[in-house]
$ cat my_file_17.cif   # mmCIF, C-alpha atoms
data_start
loop_
_atom_site.label_atom_id
_atom_site.label_comp_id
_atom_site.auth_asym_id
_atom_site.auth_seq_id
_atom_site.Cartn_x
_atom_site.Cartn_y
_atom_site.Cartn_z
CA MET A 1 -44.97 -13.92 53.31
CA ASN A 2 -42.87 -14.16 50.24
CA GLY A 3 -44.63 -11.48 48.21
CA GLN A 4 -46.14 -13.91 45.74
CA SER A 5 -49.84 -14.04 45.09
CA PRO A 6 -51.60 -17.05 46.58
CA LYS A 7 -52.70 -19.61 44.02
CA THR A 8 -56.43 -19.85 43.53
CA SER A 9 -58.44 -22.58 41.95
CA SER A 10 -60.02 -22.05 38.58
CA SER A 11 -63.66 -21.03 38.59
CA LYS A 12 -66.35 -20.99 35.94
CA LYS A 13 -67.41 -17.50 37.02
CA PRO A 14 -66.50 -14.71 34.60
CA ASN A 15 -63.49 -12.56 35.35
CA ILE A 16 -65.13 -9.51 36.90
CA ALA A 17 -63.07 -6.54 38.03
CA LYS A 18 -63.49 -5.56 41.65
CA SER A 19 -65.95 -2.71 42.18
CA SER A 20 -64.26 0.64 42.62
CA ILE A 21 -66.78 1.73 45.25
CA ASP A 22 -65.64 1.02 48.79
CA VAL A 23 -67.92 3.34 50.79
CA TYR A 24 -71.46 4.52 50.16
CA ALA A 25 -72.49 7.85 51.67
CA ALA A 26 -75.42 10.24 51.61
CA GLN A 27 -75.39 13.96 52.40
CA CYS A 28 -77.86 15.36 54.92
CA GLU A 29 -80.20 17.87 53.29
CA GLU A 30 -80.16 20.03 56.44
CA CYS A 31 -76.60 20.09 57.83
CA LYS A 32 -74.78 18.91 54.65
CA LYS A 33 -72.72 16.36 56.62
CA TRP A 34 -71.88 13.06 54.95
CA ARG A 35 -73.23 9.88 56.52
CA VAL A 36 -71.87 6.43 55.68
CA ILE A 37 -74.54 4.10 54.37
CA HIS A 38 -73.81 0.54 55.42
CA SER A 39 -74.99 -1.37 52.39
CA GLU A 40 -75.34 -0.86 48.66
CA GLU A 41 -79.00 -1.86 48.91
CA GLU A 42 -79.72 0.81 51.54
CA TYR A 43 -77.80 3.38 49.48
CA GLU A 44 -79.81 2.51 46.35
CA GLU A 45 -83.05 2.85 48.31
CA ILE A 46 -82.06 6.36 49.45
CA ARG A 47 -80.79 7.37 46.00
CA SER A 48 -83.89 6.08 44.18
CA LYS A 49 -86.17 8.56 46.01
CA ILE A 50 -83.82 11.37 46.99
CA SER A 51 -85.85 14.07 45.15
CA THR A 52 -89.10 13.22 46.90
CA GLU A 53 -87.61 11.98 50.20
CA PRO A 54 -84.41 13.92 50.97
CA PHE A 55 -81.87 12.27 53.25
CA TYR A 56 -81.55 13.59 56.82
CA CYS A 57 -79.13 12.53 59.55
CA ASN A 58 -81.97 11.24 61.75
CA LYS A 59 -82.76 8.55 59.13
CA LYS A 60 -79.79 6.74 60.63
CA SER A 61 -80.60 5.26 64.01
CA GLY A 62 -79.24 7.34 66.89
CA VAL A 63 -77.73 10.03 64.65
CA THR A 64 -78.56 13.75 64.56
CA CYS A 65 -77.15 16.78 62.78
CA ASP A 66 -75.30 17.63 66.03
CA ASP A 67 -73.08 14.53 65.60
CA ALA A 68 -69.77 14.74 63.75
CA ALA A 69 -69.82 13.71 60.09
CA ASP A 70 -69.13 10.02 59.41
CA ILE A 71 -66.82 10.88 56.55
CA GLU A 72 -65.37 14.13 55.24
CA TYR A 73 -65.35 15.13 51.60
CA SER A 74 -61.67 15.43 50.73
CA ALA A 75 -59.07 14.36 48.20
CA SER A 76 -57.96 11.54 50.50
CA ARG A 77 -60.21 9.36 48.31
CA THR A 78 -61.77 9.81 44.89
CA TRP A 79 -65.44 10.77 45.17
CA VAL A 80 -68.16 10.09 42.63
CA ILE A 81 -71.71 11.39 42.77
CA ASP A 82 -74.61 9.36 41.39
CA LYS A 83 -77.50 10.93 39.54
CA PRO A 84 -80.50 11.33 41.83
CA ASP A 85 -83.55 9.09 41.47
CA LEU A 86 -81.83 6.25 39.60
CA PRO A 87 -84.01 3.15 39.83
CA LYS A 88 -83.11 0.63 42.48
CA THR A 89 -81.37 -2.42 41.00
CA PRO A 90 -83.89 -5.27 40.60
CA GLU A 91 -83.49 -8.22 42.95
CA GLY A 92 -80.98 -10.80 41.77
CA PHE A 93 -78.96 -8.28 39.75
CA LYS A 94 -75.97 -6.25 40.94
CA ARG A 95 -74.88 -2.82 39.71
CA HIS A 96 -71.13 -2.74 39.28
CA LEU A 97 -68.98 0.40 38.90
CA VAL A 98 -65.31 0.27 37.94
CA ALA A 99 -63.03 3.30 37.64
CA ARG A 100 -60.92 3.62 34.54
CA LYS A 101 -57.18 3.69 35.12
CA ASP A 102 -57.03 7.41 34.39
CA TYR A 103 -60.01 8.19 36.71
CA SER A 104 -61.80 9.92 33.82
CA LYS A 105 -65.03 8.02 34.51
CA LEU A 106 -66.52 4.87 35.89
CA ASP A 107 -67.80 2.10 33.67
CA THR A 108 -71.25 0.90 34.71
CA TYR A 109 -72.51 -2.59 34.12
CA TYR A 110 -74.87 -5.07 35.71
CA ILE A 111 -74.20 -8.62 36.80
CA THR A 112 -77.14 -10.93 36.08
CA PRO A 113 -78.35 -13.64 38.47
CA ASN A 114 -76.35 -16.19 36.45
CA GLY A 115 -73.15 -14.09 36.56
CA LYS A 116 -73.21 -12.57 33.07
CA ARG A 117 -71.90 -9.01 32.78
CA LEU A 118 -74.06 -6.62 30.71
CA ARG A 119 -72.89 -3.20 29.56
CA SER A 120 -75.92 -1.58 27.91
CA LYS A 121 -79.71 -1.36 27.91
CA ASN A 122 -79.76 -3.24 24.59
CA GLU A 123 -77.77 -6.13 26.10
CA MET A 124 -80.08 -6.07 29.13
CA ALA A 125 -83.24 -6.13 27.00
CA ALA A 126 -81.90 -9.08 24.99
CA PHE A 127 -80.93 -10.91 28.19
CA LEU A 128 -84.36 -10.37 29.73
CA ARG A 129 -86.09 -11.65 26.57
CA GLN A 130 -83.79 -14.67 26.19
CA ASN A 131 -84.20 -15.65 29.83
CA ARG A 132 -87.92 -14.89 29.94
CA MET A 133 -87.38 -12.41 32.75
CA ASP A 134 -89.08 -9.51 30.99
CA GLU A 135 -92.30 -9.78 33.02
CA GLY A 136 -92.09 -7.38 35.93
CA ILE A 137 -88.58 -6.24 34.92
CA SER A 138 -87.68 -4.14 31.91
CA ALA A 139 -84.47 -2.68 30.52
CA SER A 140 -85.64 0.74 31.80
CA ASP A 141 -85.17 -0.59 35.36
CA PHE A 142 -81.40 -0.44 34.71
CA ASP A 143 -79.46 2.78 34.28
CA PHE A 144 -76.00 2.52 32.77
CA ALA A 145 -75.17 6.21 33.23
CA PRO A 146 -71.91 6.49 35.16
CA PRO A 147 -71.70 8.56 38.33
CA LYS A 148 -69.91 11.89 38.00
CA VAL A 149 -66.26 11.78 39.06
CA MET A 150 -65.51 14.76 41.30
CA GLU A 151 -62.42 16.21 39.64
CA ASP A 152 -61.16 17.93 42.80
CA THR A 153 -60.67 14.49 44.40
CA VAL A 154 -58.95 12.73 41.47
CA PRO A 155 -55.26 11.96 42.13
CA GLU A 156 -53.17 14.89 40.92
CA ILE A 157 -51.42 12.95 38.16
CA PHE A 158 -54.79 12.43 36.45
CA SER A 159 -56.55 15.65 37.37
CA LYS A 160 -56.05 17.62 34.17
CA LYS A 161 -59.56 18.30 32.84
CA GLY A 162 -60.71 16.31 29.87
CA SER A 163 -58.23 13.46 30.20
CA ASP A 164 -59.93 10.47 28.65
CA SER A 165 -56.75 8.50 28.59
CA VAL A 166 -53.13 8.71 29.46
CA ARG A 167 -51.04 8.34 26.38
CA ARG A 168 -47.38 8.53 25.65
CA LYS A 169 -46.13 11.14 23.24
CA PHE A 170 -42.74 10.47 21.77
CA LYS A 171 -40.48 13.27 20.69
CA MET A 172 -37.44 12.90 18.54
CA ARG A 173 -34.57 15.19 19.29
CA LYS A 174 -31.10 15.41 17.84
CA ASN A 175 -28.10 15.25 20.12
CA GLU A 176 -24.91 17.07 19.43
CA ASP A 177 -23.32 13.85 18.17
CA LYS A 178 -26.11 13.54 15.54
CA SER A 179 -27.62 10.45 17.20
CA THR A 180 -31.33 10.36 17.86
CA ASP A 181 -32.92 9.95 21.30
CA ILE A 182 -36.54 9.10 21.89
CA THR A 183 -38.01 10.51 25.07
CA ALA A 184 -41.41 9.74 26.45
CA GLU A 185 -43.53 12.37 28.13
CA GLU A 186 -46.84 11.79 29.86
CA ASP A 187 -49.51 13.67 27.94
CA PHE A 188 -52.91 14.11 29.53
CA GLU A 189 -55.58 15.25 27.11
#

$ encode --input "my_file_17.cif" --output "structure tokens"
Amino acid sequence: MNGQSPKTSSSKKPNIAKSSIDVYAAQCEECKKWRVIHSEEEYEEIRSKISTEPFYCNKKSGVTCDDAADIEYSASRTWVIDKPDLPKTPEGFKRHLVARKDYSKLDTYYITPNGKRLRSKNEMAAFLRQNRMDEGISASDFDFAPPKVMEDTVPEIFSKKGSDSVRRKFKMRKNEDKSTDITAEEDFE
């Protein structure tokens, strides 16, 4: 390979950033081990009723609390934790989560059946009305609250608490020869 990106044909689909979630997992209520959940749909089903139906290892076929964890909580990847009992995404829609460059939070939006990206309940309500999809589905079936980013797993360069963005702070300093240098320092709020 020559290191260049392969050329792709133009598409009428909107430019949608790749989801930042690569693995879904649930923690066993009894042994506290993390179990990989094999699909987003299965994960959403578990999450939507976690308060009334806690997750246990034996909900996965052939797995018990005696088995090793599927995945360990560590800083080898950035972890985010969803709010419990979020509604399951209605059929035909897709919940999409994308991490900000500074790992401060994830942006949550939904992709509609026709590929439109919606960022708020107001946009969703308008879409449902305009497309006459508001029978059986309402804007309250969609939760735009972002999952909580677990700060102890954020890459060290971004881990300073409260950093909403990485910005450059320029300082002027005088050299001995009276010229002026501008130096850039990373400043994490």

$ resolve_selection --input "my_file_17.cif" --expression "the PyMOL selection byres ((chain A and resi 31) around 9)" --output "NGL selection string"
:A and (27-30 or 32-34 or 56-57 or 65-66)

$ residues_around --input "my_file_17.cif" --residues "A:Asp143" --least-positions-apart "2" --cutoff "9 Å" --atoms "only C-alpha atoms" --output "PDB file with C-alpha atoms, in the frame of the given file"
ATOM      1  CA  LEU A  86     -81.830   6.250  39.600  1.00  0.00           C
ATOM      2  CA  PRO A  87     -84.010   3.150  39.830  1.00  0.00           C
ATOM      3  CA  THR A  89     -81.370  -2.420  41.000  1.00  0.00           C
ATOM      4  CA  THR A 108     -71.250   0.900  34.710  1.00  0.00           C
ATOM      5  CA  TYR A 109     -72.510  -2.590  34.120  1.00  0.00           C
ATOM      6  CA  SER A 120     -75.920  -1.580  27.910  1.00  0.00           C
ATOM      7  CA  LYS A 121     -79.710  -1.360  27.910  1.00  0.00           C
ATOM      8  CA  ALA A 139     -84.470  -2.680  30.520  1.00  0.00           C
ATOM      9  CA  SER A 140     -85.640   0.740  31.800  1.00  0.00           C
ATOM     10  CA  ASP A 141     -85.170  -0.590  35.360  1.00  0.00           C
ATOM     11  CA  ALA A 145     -75.170   6.210  33.230  1.00  0.00           C
ATOM     12  CA  PRO A 146     -71.910   6.490  35.160  1.00  0.00           C
TER      13      PRO A 146
END

$ atom_distance --input "my_file_17.cif" --atom1 "atom CA of A:Thr64" --atom2 "atom CA of A:Glu151"
29.8 Å

$ resolve_selection --input "my_file_17.cif" --expression "the PyMOL selection byres ((chain A and resi 119) around 12)" --output "ChimeraX atom specification"
/A:95-98,107-112,116-118,120-127,139,142-146

$ write_last_selection --input "my_file_17.cif" --atoms "C-alpha atoms" --output "PDB file, keeping the file's coordinate frame"
ATOM      1  CA  ARG A  95     -74.880  -2.820  39.710  1.00  0.00           C
ATOM      2  CA  HIS A  96     -71.130  -2.740  39.280  1.00  0.00           C
ATOM      3  CA  LEU A  97     -68.980   0.400  38.900  1.00  0.00           C
ATOM      4  CA  VAL A  98     -65.310   0.270  37.940  1.00  0.00           C
ATOM      5  CA  ASP A 107     -67.800   2.100  33.670  1.00  0.00           C
ATOM      6  CA  THR A 108     -71.250   0.900  34.710  1.00  0.00           C
ATOM      7  CA  TYR A 109     -72.510  -2.590  34.120  1.00  0.00           C
ATOM      8  CA  TYR A 110     -74.870  -5.070  35.710  1.00  0.00           C
ATOM      9  CA  ILE A 111     -74.200  -8.620  36.800  1.00  0.00           C
ATOM     10  CA  THR A 112     -77.140 -10.930  36.080  1.00  0.00           C
ATOM     11  CA  LYS A 116     -73.210 -12.570  33.070  1.00  0.00           C
ATOM     12  CA  ARG A 117     -71.900  -9.010  32.780  1.00  0.00           C
ATOM     13  CA  LEU A 118     -74.060  -6.620  30.710  1.00  0.00           C
ATOM     14  CA  SER A 120     -75.920  -1.580  27.910  1.00  0.00           C
ATOM     15  CA  LYS A 121     -79.710  -1.360  27.910  1.00  0.00           C
ATOM     16  CA  ASN A 122     -79.760  -3.240  24.590  1.00  0.00           C
ATOM     17  CA  GLU A 123     -77.770  -6.130  26.100  1.00  0.00           C
ATOM     18  CA  MET A 124     -80.080  -6.070  29.130  1.00  0.00           C
ATOM     19  CA  ALA A 125     -83.240  -6.130  27.000  1.00  0.00           C
ATOM     20  CA  ALA A 126     -81.900  -9.080  24.990  1.00  0.00           C
ATOM     21  CA  PHE A 127     -80.930 -10.910  28.190  1.00  0.00           C
ATOM     22  CA  ALA A 139     -84.470  -2.680  30.520  1.00  0.00           C
ATOM     23  CA  PHE A 142     -81.400  -0.440  34.710  1.00  0.00           C
ATOM     24  CA  ASP A 143     -79.460   2.780  34.280  1.00  0.00           C
ATOM     25  CA  PHE A 144     -76.000   2.520  32.770  1.00  0.00           C
ATOM     26  CA  ALA A 145     -75.170   6.210  33.230  1.00  0.00           C
ATOM     27  CA  PRO A 146     -71.910   6.490  35.160  1.00  0.00           C
TER      28      PRO A 146
END

$ atom_distance --input "my_file_17.cif" --atom1 "atom CA of A:Arg129" --atom2 "atom CA of A:Glu91"
16.9 Å

$ residues_around --input "my_file_17.cif" --residues "stretch 73-81 of chain A" --least-positions-apart "5" --cutoff "10 Å" --atoms "all atoms listed in the file" --output "PyMOL selection string"
chain A and resi 20-26+33-34+99+103+105-106+146-156

$ resolve_selection --input "my_file_17.cif" --expression "the PyMOL selection byres ((chain A and resi 51-54) around 7)" --output "count of residues only"
7

$ closest_residue --input "my_file_17.cif" --among "A:Lys88, A:Met133, A:Gly62, A:Ala68" --to "A:Glu41" --atoms "all atoms listed in the file"
A:Lys88

$ atom_distance --input "my_file_17.cif" --atom1 "atom CA of A:Lys101" --atom2 "atom CA of A:Ala69"
29.7 Å

$ axis_aligned_box --input "my_file_17.cif" --around "stretch 78-86 of chain A" --padding-each-side "6 Å" --output "AutoDock Vina command-line options"
--center_x -72.7 --center_y 8.8 --center_z 42.4 --size_x 33.8 --size_y 17.1 --size_z 17.6

$ decode --input "my_file_17.cif" --residues "stretch 64-78 of chain A" --atoms "N, CA, C and O atoms" --output "mmCIF file, in the first residue's frame"
data_model
loop_
_atom_site.group_PDB
_atom_site.id
_atom_site.type_symbol
_atom_site.label_atom_id
_atom_site.label_comp_id
_atom_site.auth_asym_id
_atom_site.auth_seq_id
_atom_site.Cartn_x
_atom_site.Cartn_y
_atom_site.Cartn_z
ATOM 1 N N THR A 64 -21.472 -18.145 33.519
ATOM 2 C CA THR A 64 -21.801 -18.010 34.941
ATOM 3 C C THR A 64 -20.833 -17.025 35.577
ATOM 4 O O THR A 64 -19.828 -16.640 34.968
ATOM 5 N N CYS A 65 -21.107 -16.678 36.814
ATOM 6 C CA CYS A 65 -20.224 -15.775 37.553
ATOM 7 C C CYS A 65 -18.844 -16.386 37.802
ATOM 8 O O CYS A 65 -17.888 -15.669 38.090
ATOM 9 N N ASP A 66 -18.725 -17.716 37.689
ATOM 10 C CA ASP A 66 -17.437 -18.383 37.879
ATOM 11 C C ASP A 66 -16.497 -18.167 36.694
ATOM 12 O O ASP A 66 -15.281 -18.335 36.819
ATOM 13 N N ASP A 67 -17.037 -17.786 35.529
ATOM 14 C CA ASP A 67 -16.217 -17.566 34.341
ATOM 15 C C ASP A 67 -15.487 -16.228 34.451
ATOM 16 O O ASP A 67 -15.952 -15.293 35.110
ATOM 17 N N ALA A 68 -14.329 -16.161 33.779
ATOM 18 C CA ALA A 68 -13.561 -14.914 33.751
ATOM 19 C C ALA A 68 -14.389 -13.820 33.069
ATOM 20 O O ALA A 68 -15.250 -14.105 32.229
ATOM 21 N N ALA A 69 -14.130 -12.582 33.427
ATOM 22 C CA ALA A 69 -14.818 -11.451 32.807
ATOM 23 C C ALA A 69 -14.507 -11.428 31.311
ATOM 24 O O ALA A 69 -13.417 -11.818 30.887
ATOM 25 N N ASP A 70 -15.462 -10.958 30.521
ATOM 26 C CA ASP A 70 -15.239 -10.825 29.071
ATOM 27 C C ASP A 70 -14.308 -9.664 28.769
ATOM 28 O O ASP A 70 -13.547 -9.689 27.807
ATOM 29 N N ILE A 71 -14.400 -8.632 29.575
ATOM 30 C CA ILE A 71 -13.621 -7.421 29.363
ATOM 31 C C ILE A 71 -13.365 -6.797 30.727
ATOM 32 O O ILE A 71 -14.208 -6.864 31.611
ATOM 33 N N GLU A 72 -12.192 -6.232 30.900
ATOM 34 C CA GLU A 72 -11.834 -5.612 32.180
ATOM 35 C C GLU A 72 -11.945 -4.097 32.072
ATOM 36 O O GLU A 72 -11.544 -3.508 31.071
ATOM 37 N N TYR A 73 -12.475 -3.494 33.107
ATOM 38 C CA TYR A 73 -12.530 -2.041 33.186
ATOM 39 C C TYR A 73 -11.116 -1.540 33.407
ATOM 40 O O TYR A 73 -10.476 -1.873 34.402
ATOM 41 N N SER A 74 -10.600 -0.781 32.456
ATOM 42 C CA SER A 74 -9.244 -0.233 32.577
ATOM 43 C C SER A 74 -9.106 0.959 31.640
ATOM 44 O O SER A 74 -9.963 1.202 30.790
ATOM 45 N N ALA A 75 -8.001 1.655 31.776
ATOM 46 C CA ALA A 75 -7.741 2.823 30.940
ATOM 47 C C ALA A 75 -7.195 2.431 29.568
ATOM 48 O O ALA A 75 -6.781 3.291 28.806
ATOM 49 N N SER A 76 -7.217 1.147 29.232
ATOM 50 C CA SER A 76 -6.770 0.738 27.899
ATOM 51 C C SER A 76 -7.762 1.183 26.827
ATOM 52 O O SER A 76 -7.460 1.166 25.645
ATOM 53 N N ARG A 77 -8.955 1.578 27.244
ATOM 54 C CA ARG A 77 -9.972 2.156 26.362
ATOM 55 C C ARG A 77 -10.771 3.147 27.191
ATOM 56 O O ARG A 77 -10.824 3.044 28.399
ATOM 57 N N THR A 78 -11.396 4.106 26.527
ATOM 58 C CA THR A 78 -12.226 5.077 27.224
ATOM 59 C C THR A 78 -13.602 4.464 27.449
ATOM 60 O O THR A 78 -14.228 3.978 26.515
#
